[in-house]
file work.pdb (PDB, N, CA and C atoms)
MODEL        1
ATOM      1  N   MET A   1      83.709 102.752 103.574  1.00  0.00           N
ATOM      2  CA  MET A   1      84.719 101.854 104.142  1.00  0.00           C
ATOM      3  C   MET A   1      84.295 100.409 103.997  1.00  0.00           C
ATOM      4  N   LYS A   2      82.990 100.159 103.949  1.00  0.00           N
ATOM      5  CA  LYS A   2      82.497  98.790 103.838  1.00  0.00           C
ATOM      6  C   LYS A   2      83.003  98.128 102.562  1.00  0.00           C
ATOM      7  N   LYS A   3      82.937  98.870 101.432  1.00  0.00           N
ATOM      8  CA  LYS A   3      83.402  98.317 100.165  1.00  0.00           C
ATOM      9  C   LYS A   3      84.905  98.050 100.202  1.00  0.00           C
ATOM     10  N   SER A   4      85.660  98.957 100.811  1.00  0.00           N
ATOM     11  CA  SER A   4      87.100  98.768 100.862  1.00  0.00           C
ATOM     12  C   SER A   4      87.461  97.523 101.663  1.00  0.00           C
ATOM     13  N   LYS A   5      86.757  97.311 102.770  1.00  0.00           N
ATOM     14  CA  LYS A   5      87.034  96.114 103.572  1.00  0.00           C
ATOM     15  C   LYS A   5      86.671  94.853 102.797  1.00  0.00           C
ATOM     16  N   ALA A   6      85.577  94.886 102.051  1.00  0.00           N
ATOM     17  CA  ALA A   6      85.171  93.711 101.272  1.00  0.00           C
ATOM     18  C   ALA A   6      86.178  93.431 100.160  1.00  0.00           C
ATOM     19  N   SER A   7      86.656  94.465  99.499  1.00  0.00           N
ATOM     20  CA  SER A   7      87.639  94.291  98.418  1.00  0.00           C
ATOM     21  C   SER A   7      88.946  93.728  98.963  1.00  0.00           C
ATOM     22  N   ILE A   8      89.395  94.283 100.055  1.00  0.00           N
ATOM     23  CA  ILE A   8      90.644  93.813 100.650  1.00  0.00           C
ATOM     24  C   ILE A   8      90.470  92.401 101.200  1.00  0.00           C
ATOM     25  N   ALA A   9      89.310  92.112 101.762  1.00  0.00           N
ATOM     26  CA  ALA A   9      89.052  90.762 102.276  1.00  0.00           C
ATOM     27  C   ALA A   9      89.092  89.731 101.155  1.00  0.00           C
ATOM     28  N   SER A  10      88.604  90.079  99.977  1.00  0.00           N
ATOM     29  CA  SER A  10      88.630  89.120  98.870  1.00  0.00           C
ATOM     30  C   SER A  10      90.060  88.879  98.391  1.00  0.00           C
ATOM     31  N   ILE A  11      90.927  89.870  98.525  1.00  0.00           N
ATOM     32  CA  ILE A  11      92.342  89.681  98.186  1.00  0.00           C
ATOM     33  C   ILE A  11      93.004  88.774  99.217  1.00  0.00           C
ATOM     34  N   LEU A  12      92.697  88.990 100.481  1.00  0.00           N
ATOM     35  CA  LEU A  12      93.319  88.215 101.554  1.00  0.00           C
ATOM     36  C   LEU A  12      92.776  86.794 101.654  1.00  0.00           C
ATOM     37  N   SER A  13      91.640  86.546 101.055  1.00  0.00           N
ATOM     38  CA  SER A  13      90.974  85.250 101.143  1.00  0.00           C
ATOM     39  C   SER A  13      91.825  84.124 100.569  1.00  0.00           C
ATOM     40  N   PHE A  14      91.695  82.962 101.178  1.00  0.00           N
ATOM     41  CA  PHE A  14      92.367  81.773 100.661  1.00  0.00           C
ATOM     42  C   PHE A  14      91.476  81.014  99.684  1.00  0.00           C
ATOM     43  N   GLU A  15      90.303  81.576  99.393  1.00  0.00           N
ATOM     44  CA  GLU A  15      89.399  80.993  98.391  1.00  0.00           C
ATOM     45  C   GLU A  15      90.038  81.141  97.003  1.00  0.00           C
ATOM     46  N   PRO A  16      89.795  80.215  96.108  1.00  0.00           N
ATOM     47  CA  PRO A  16      90.322  80.346  94.739  1.00  0.00           C
ATOM     48  C   PRO A  16      89.483  81.347  93.941  1.00  0.00           C
ATOM     49  N   ASN A  17      89.824  82.636  94.045  1.00  0.00           N
ATOM     50  CA  ASN A  17      89.035  83.689  93.400  1.00  0.00           C
ATOM     51  C   ASN A  17      89.867  84.542  92.447  1.00  0.00           C
ATOM     52  N   GLU A  18      90.909  83.967  91.851  1.00  0.00           N
ATOM     53  CA  GLU A  18      91.816  84.712  91.005  1.00  0.00           C
ATOM     54  C   GLU A  18      91.122  85.348  89.804  1.00  0.00           C
ATOM     55  N   THR A  19      90.215  84.624  89.161  1.00  0.00           N
ATOM     56  CA  THR A  19      89.534  85.146  87.977  1.00  0.00           C
ATOM     57  C   THR A  19      88.690  86.366  88.334  1.00  0.00           C
ATOM     58  N   GLU A  20      87.933  86.258  89.408  1.00  0.00           N
ATOM     59  CA  GLU A  20      87.104  87.377  89.870  1.00  0.00           C
ATOM     60  C   GLU A  20      87.967  88.580  90.237  1.00  0.00           C
ATOM     61  N   LEU A  21      89.060  88.334  90.960  1.00  0.00           N
ATOM     62  CA  LEU A  21      89.944  89.426  91.349  1.00  0.00           C
ATOM     63  C   LEU A  21      90.613  90.062  90.141  1.00  0.00           C
ATOM     64  N   ARG A  22      91.024  89.253  89.174  1.00  0.00           N
ATOM     65  CA  ARG A  22      91.672  89.790  87.967  1.00  0.00           C
ATOM     66  C   ARG A  22      90.727  90.754  87.263  1.00  0.00           C
ATOM     67  N   THR A  23      89.452  90.396  87.183  1.00  0.00           N
ATOM     68  CA  THR A  23      88.457  91.268  86.559  1.00  0.00           C
ATOM     69  C   THR A  23      88.279  92.543  87.370  1.00  0.00           C
ATOM     70  N   GLN A  24      88.122  92.393  88.673  1.00  0.00           N
ATOM     71  CA  GLN A  24      87.885  93.535  89.555  1.00  0.00           C
ATOM     72  C   GLN A  24      89.084  94.479  89.596  1.00  0.00           C
ATOM     73  N   LEU A  25      90.276  93.929  89.799  1.00  0.00           N
ATOM     74  CA  LEU A  25      91.464  94.757  89.958  1.00  0.00           C
ATOM     75  C   LEU A  25      92.019  95.259  88.634  1.00  0.00           C
ATOM     76  N   GLY A  26      91.708  94.570  87.555  1.00  0.00           N
ATOM     77  CA  GLY A  26      92.194  94.974  86.244  1.00  0.00           C
ATOM     78  C   GLY A  26      91.330  96.011  85.561  1.00  0.00           C
ATOM     79  N   HIS A  27      90.207  96.361  86.176  1.00  0.00           N
ATOM     80  CA  HIS A  27      89.295  97.349  85.605  1.00  0.00           C
ATOM     81  C   HIS A  27      89.988  98.705  85.533  1.00  0.00           C
ATOM     82  N   LYS A  28      89.728  99.450  84.461  1.00  0.00           N
ATOM     83  CA  LYS A  28      90.407 100.735  84.266  1.00  0.00           C
ATOM     84  C   LYS A  28      90.088 101.743  85.367  1.00  0.00           C
ATOM     85  N   ASN A  29      89.002 101.547  86.086  1.00  0.00           N
ATOM     86  CA  ASN A  29      88.634 102.456  87.168  1.00  0.00           C
ATOM     87  C   ASN A  29      89.206 102.053  88.523  1.00  0.00           C
ATOM     88  N   MET A  30      90.016 100.999  88.557  1.00  0.00           N
ATOM     89  CA  MET A  30      90.611 100.573  89.822  1.00  0.00           C
ATOM     90  C   MET A  30      91.528 101.678  90.340  1.00  0.00           C
ATOM     91  N   ASP A  31      91.298 102.098  91.558  1.00  0.00           N
ATOM     92  CA  ASP A  31      92.069 103.175  92.174  1.00  0.00           C
ATOM     93  C   ASP A  31      93.143 102.560  93.073  1.00  0.00           C
ATOM     94  N   TRP A  32      94.338 102.391  92.523  1.00  0.00           N
ATOM     95  CA  TRP A  32      95.408 101.751  93.269  1.00  0.00           C
ATOM     96  C   TRP A  32      95.887 102.618  94.426  1.00  0.00           C
ATOM     97  N   GLU A  33      95.793 103.933  94.272  1.00  0.00           N
ATOM     98  CA  GLU A  33      96.167 104.822  95.374  1.00  0.00           C
ATOM     99  C   GLU A  33      95.251 104.578  96.575  1.00  0.00           C
ATOM    100  N   TRP A  34      93.936 104.450  96.299  1.00  0.00           N
ATOM    101  CA  TRP A  34      92.977 104.136  97.363  1.00  0.00           C
ATOM    102  C   TRP A  34      93.338 102.802  98.009  1.00  0.00           C
ATOM    103  N   PHE A  35      93.648 101.806  97.179  1.00  0.00           N
ATOM    104  CA  PHE A  35      93.967 100.474  97.693  1.00  0.00           C
ATOM    105  C   PHE A  35      95.157 100.524  98.654  1.00  0.00           C
ATOM    106  N   VAL A  36      96.203 101.235  98.274  1.00  0.00           N
ATOM    107  CA  VAL A  36      97.397 101.328  99.116  1.00  0.00           C
ATOM    108  C   VAL A  36      97.061 102.020 100.436  1.00  0.00           C
ATOM    109  N   LYS A  37      96.322 103.123 100.361  1.00  0.00           N
ATOM    110  CA  LYS A  37      95.957 103.846 101.585  1.00  0.00           C
ATOM    111  C   LYS A  37      95.072 102.995 102.494  1.00  0.00           C
ATOM    112  N   ALA A  38      94.033 102.392 101.928  1.00  0.00           N
ATOM    113  CA  ALA A  38      93.088 101.612 102.736  1.00  0.00           C
ATOM    114  C   ALA A  38      93.760 100.398 103.357  1.00  0.00           C
ATOM    115  N   SER A  39      94.538  99.658 102.567  1.00  0.00           N
ATOM    116  CA  SER A  39      95.180  98.460 103.118  1.00  0.00           C
ATOM    117  C   SER A  39      96.249  98.826 104.143  1.00  0.00           C
ATOM    118  N   SER A  40      96.889  99.972 103.963  1.00  0.00           N
ATOM    119  CA  SER A  40      97.869 100.432 104.951  1.00  0.00           C
ATOM    120  C   SER A  40      97.175 100.819 106.250  1.00  0.00           C
ATOM    121  N   GLN A  41      96.055 101.531 106.145  1.00  0.00           N
ATOM    122  CA  GLN A  41      95.315 101.928 107.343  1.00  0.00           C
ATOM    123  C   GLN A  41      94.810 100.715 108.117  1.00  0.00           C
ATOM    124  N   LEU A  42      94.456  99.670 107.401  1.00  0.00           N
ATOM    125  CA  LEU A  42      93.972  98.455 108.053  1.00  0.00           C
ATOM    126  C   LEU A  42      95.118  97.552 108.519  1.00  0.00           C
ATOM    127  N   GLY A  43      96.346  97.911 108.163  1.00  0.00           N
ATOM    128  CA  GLY A  43      97.520  97.153 108.596  1.00  0.00           C
ATOM    129  C   GLY A  43      97.738  95.850 107.843  1.00  0.00           C
ATOM    130  N   VAL A  44      97.263  95.781 106.600  1.00  0.00           N
ATOM    131  CA  VAL A  44      97.386  94.525 105.845  1.00  0.00           C
ATOM    132  C   VAL A  44      98.067  94.701 104.489  1.00  0.00           C
ATOM    133  N   MET A  45      98.758  95.814 104.280  1.00  0.00           N
ATOM    134  CA  MET A  45      99.380  96.066 102.976  1.00  0.00           C
ATOM    135  C   MET A  45     100.359  94.957 102.587  1.00  0.00           C
ATOM    136  N   THR A  46     101.236  94.584 103.497  1.00  0.00           N
ATOM    137  CA  THR A  46     102.225  93.546 103.204  1.00  0.00           C
ATOM    138  C   THR A  46     101.543  92.208 102.927  1.00  0.00           C
ATOM    139  N   THR A  47     100.552  91.880 103.707  1.00  0.00           N
ATOM    140  CA  THR A  47      99.818  90.632 103.509  1.00  0.00           C
ATOM    141  C   THR A  47      99.072  90.654 102.180  1.00  0.00           C
ATOM    142  N   ALA A  48      98.465  91.779 101.842  1.00  0.00           N
ATOM    143  CA  ALA A  48      97.750  91.897 100.565  1.00  0.00           C
ATOM    144  C   ALA A  48      98.716  91.695  99.405  1.00  0.00           C
ATOM    145  N   TYR A  49      99.905  92.284  99.487  1.00  0.00           N
ATOM    146  CA  TYR A  49     100.919  92.105  98.447  1.00  0.00           C
ATOM    147  C   TYR A  49     101.289  90.621  98.312  1.00  0.00           C
ATOM    148  N   CYS A  50     101.516  89.962  99.432  1.00  0.00           N
ATOM    149  CA  CYS A  50     101.883  88.538  99.404  1.00  0.00           C
ATOM    150  C   CYS A  50     100.765  87.685  98.802  1.00  0.00           C
ATOM    151  N   ARG A  51      99.515  87.977  99.169  1.00  0.00           N
ATOM    152  CA  ARG A  51      98.381  87.212  98.630  1.00  0.00           C
ATOM    153  C   ARG A  51      98.239  87.445  97.119  1.00  0.00           C
ATOM    154  N   LEU A  52      98.432  88.696  96.663  1.00  0.00           N
ATOM    155  CA  LEU A  52      98.370  88.971  95.228  1.00  0.00           C
ATOM    156  C   LEU A  52      99.488  88.232  94.497  1.00  0.00           C
ATOM    157  N   GLU A  53     100.654  88.163  95.115  1.00  0.00           N
ATOM    158  CA  GLU A  53     101.766  87.424  94.529  1.00  0.00           C
ATOM    159  C   GLU A  53     101.436  85.934  94.449  1.00  0.00           C
ATOM    160  N   GLN A  54     100.898  85.361  95.521  1.00  0.00           N
ATOM    161  CA  GLN A  54     100.535  83.951  95.526  1.00  0.00           C
ATOM    162  C   GLN A  54      99.461  83.629  94.497  1.00  0.00           C
ATOM    163  N   LYS A  55      98.572  84.574  94.254  1.00  0.00           N
ATOM    164  CA  LYS A  55      97.480  84.365  93.292  1.00  0.00           C
ATOM    165  C   LYS A  55      97.904  84.728  91.863  1.00  0.00           C
ATOM    166  N   GLY A  56      99.149  85.177  91.684  1.00  0.00           N
ATOM    167  CA  GLY A  56      99.645  85.511  90.362  1.00  0.00           C
ATOM    168  C   GLY A  56      99.027  86.771  89.779  1.00  0.00           C
ATOM    169  N   LEU A  57      98.730  87.738  90.648  1.00  0.00           N
ATOM    170  CA  LEU A  57      98.025  88.941  90.206  1.00  0.00           C
ATOM    171  C   LEU A  57      98.844  90.218  90.344  1.00  0.00           C
ATOM    172  N   LEU A  58     100.152  90.127  90.523  1.00  0.00           N
ATOM    173  CA  LEU A  58     100.957  91.324  90.676  1.00  0.00           C
ATOM    174  C   LEU A  58     101.078  92.118  89.378  1.00  0.00           C
ATOM    175  N   ASP A  59     100.791  91.515  88.262  1.00  0.00           N
ATOM    176  CA  ASP A  59     100.896  92.209  86.982  1.00  0.00           C
ATOM    177  C   ASP A  59      99.766  93.196  86.732  1.00  0.00           C
ATOM    178  N   LEU A  60      98.825  93.329  87.669  1.00  0.00           N
ATOM    179  CA  LEU A  60      97.648  94.167  87.472  1.00  0.00           C
ATOM    180  C   LEU A  60      97.864  95.630  87.803  1.00  0.00           C
ATOM    181  N   GLY A  61      98.953  96.005  88.380  1.00  0.00           N
ATOM    182  CA  GLY A  61      99.150  97.422  88.620  1.00  0.00           C
ATOM    183  C   GLY A  61      99.921  97.809  89.850  1.00  0.00           C
ATOM    184  N   LEU A  62     100.313  96.872  90.683  1.00  0.00           N
ATOM    185  CA  LEU A  62     101.044  97.252  91.889  1.00  0.00           C
ATOM    186  C   LEU A  62     102.474  97.599  91.585  1.00  0.00           C
TER     187      LEU A  62
ENDMDL
END
call {"tool": "encode", "arguments": {"input": "work.pdb", "output": "structure tokens"}}
result
Amino acid sequence: MKKSKASIASILSFEPNETELRTQLGHKNMDWEWFVKASSQLGVMTTAYCRLEQKGLLDLGL
């Protein structure tokens, strides 16, 4: 769970980390099903979607 919280926290961050996130989320091993479940359980799915949209990263698989 620690890794999932760190990954989701980097998406929610207001830091300019688009390049790092693009690499991380664009990796062929990215488990989008896990991401949806984890962010939903933490209650931040909608916020994560909005942050990905603001960072221009929706083309990565959502």
call {"tool": "resolve_selection", "arguments": {"input": "work.pdb", "expression": "the PyMOL selection byres (((chain A and resi 10 and name CA) around 12) and name CA)", "output": "ChimeraX atom specification"}}
result
/A:3-9,11-22,24-25,48,51-52,55
call {"tool": "atom_distance", "arguments": {"input": "work.pdb", "atom1": "atom C of Met45 in chain A", "atom2": "CA of Asp59 in chain A"}}
result
15.9 Å
call {"tool": "atom_distance", "arguments": {"input": "work.pdb", "atom1": "atom C of Thr46 in chain A", "atom2": "CA of Asp31 in chain A"}}
result
18.0 Å
call {"tool": "axis_aligned_box", "arguments": {"input": "work.pdb", "around": "range 25-29 of chain A", "padding_each_side": "6 Å", "output": "JSON"}}
result
{"center_x": 90.4, "center_y": 98.2, "center_z": 87.1, "size_x": 15.6, "size_y": 20.5, "size_z": 17.7}
call {"tool": "atom_distance", "arguments": {"input": "work.pdb", "atom1": "CA of His27 in chain A", "atom2": "atom C of Gln54 in chain A"}}
result
19.3 Å
call {"tool": "select_by_dssp", "arguments": {"input": "work.pdb", "residues": "chain A", "states": "alpha helix (DSSP H)", "output": "PyMOL selection string"}}
result
chain A and resi 2-12+18-26+32-41+45-54
